[in-house]
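Trainee: Questions regarding the structure given below will be posed in turn.
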Amino acid sequence: MGWERAGGDSRAMTPAPLARHILSLADTKRLLGIRYSDWLLGSPSIETGIAASSMSQDEWGHARLLYAMLKRLGFDPFEVEHERPAARYYSAPALDRPFSDWAHFVAAVVVVDGALSVALESFASGNFALARSRVPKMLAEEAYHRRFGTAWFTRLAAAGGEGAARLRDSAGAMLPTTLAWLLPADDAHDALVADGNVWPEDRVRDQCSRLLGGTLATAGIDLDAVEPARDGWDPERRRGSGAPGEEAVERARGDRNRDLFVE
Amino acid sequence: MRTGLGEDVYEVFARKNRGEPLRHIGYIDAPGDELARVYAWKTYDEENWFEMCVVPRGAVIPVNRVEGPWAGNVPEGTHGP
């Protein structure tokens with residue numbers, strides 16, 4: 001198991017559907033943690049910065065647990081966490097670049113973190129035993145992220161003006177690629193659904209609407225009308241074209257601490 | 001009771017185990033009840049709390065003392081214990 005070379009091409013290494021799914025969740029959490037961490041200072045209040053710090057650490061802790069699951073599937077967790085270049089990251093495209101302002105941060109908490117919650121809920125209720133045992137604790141922590149996102153999003157939306165416009169623009173820009181990330185339309189994902197490891201698309205969309213639809217509507221966004229954007233779909237990485245910025249990946253890999261690793 | 005940023009101050013109470021009394025563990029500033037719940041949980045996360053509650057500082061009515069953080073909440077016409 002682990003990486004499988006496709007067609008003898010040494011550069012193309014395709015993980016099996018379950019491993020691809022876990023990598024996609026883990027990388028998205030790792031990148032989201034980095035993007036949250038950019039706002040530990042400079043957020044609107046000390047308490048908000050502390051919450052951003054805690055959420056950032058939650059995401060990294062969850063990523064760690066998810067990467068560890070890959071060991072059971074034949075992967076070397078060290079290689080997965082610390083050796084891959086940016087072009088081999090499976091994270092949601094909405095996290096490829098830093099958040100431009102606080103409204104962007106808040107929109108990401110609702111859209112990307114919200115999509116992660118739906119994905120994890122689906123995974124936790126599927127047939128993969130490690131997900132059933134380990135993901136519920138993540139979901140309990142994610143509930144606070146959702147409260148944070150909902151409260152800030154509705155507050156900014158209700159205030160109107162420039163802040164509400166930036167919030168709507170940021171959420172609107174992230175939604176199509178994030179929905180594509182959440183709902184891959186390819187054979188590997190169909191296999192996951194067929195094996196009962198994740199929910200089918202209609203159930204995922206229903207849960208998205210239930211968890212996120214009302215919040216997004218406060219900014220004038222109709223979630224049910226948003227179509228997934230699958231341009232440049234990369235079936236290996238379960239996402240559209242592009243890759244996270246090199247600086248973020250250097251942090252994700254821990255490049256500066258490489259000499260201090262003890263694992 | 002509002003801060004300079006227009007936020008409210010919330011007192012935070014928690015207990016580690018069922019049956020223990022709630023203990024005052026600190027306070028946070030928040031722009032509403034929902035964010036107060038999140039900020040309190042994320043700020044005072046050094047323990048594995050069994051229960052945590054937040055109370056708007058403006059809702060705390062002093063009984064025997066009329067100075068301190070709750071002095072402004074003394075009911076009108078009341079002067080001391």
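Labels used: A, B, ... for chains in the order of the structure tokens, numbers from 1 for residues in each chain, and numbers from 1 for ligands as shown.
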Give as a PyMOL selection string every residue of chain B that touches chain A within 10 Å, counting only C-alpha atoms.

Mentor: chain B and resi 5+7+28-45

Trainee: Which residues are close to segment 70-72 of chain B, i.e. within 7 Å by only C-alpha atoms, leaving aside same-chain residues fewer than 3 positions away? Reply as a list in words.

Mentor: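 In the requested format, the answer is Arg57, Val60, Ile61, Pro62, Val66 and Glu67 of chain B.
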
Trainee: Please identify all polymer residues within 9 Å of Ala87 of chain A, counting only C-alpha atoms, omitting same-chain residues fewer than 6 positions from it, and present them as a PDB file with C-alpha atoms, in the first residue's frame.

Mentor:
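The resulting file, out.pdb, is shown below:
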ATOM      1  CA  GLY A 242      -2.505  25.225  -7.957  1.00  0.00           C
ATOM      2  CA  ALA A 243      -0.720  24.563  -4.663  1.00  0.00           C
ATOM      3  CA  PRO A 244      -0.215  26.239  -1.304  1.00  0.00           C
TER       4      PRO A 244
END

Trainee: Identify all residues of segment 22-200 of chain A in alpha helix (DSSP H) (DSSP on the backbone) and supply them as an MDAnalysis selection string.

Mentor: chainID A and resid 22:37 46:69 77:82 102:108 114:124 129:159 161:182 187:194
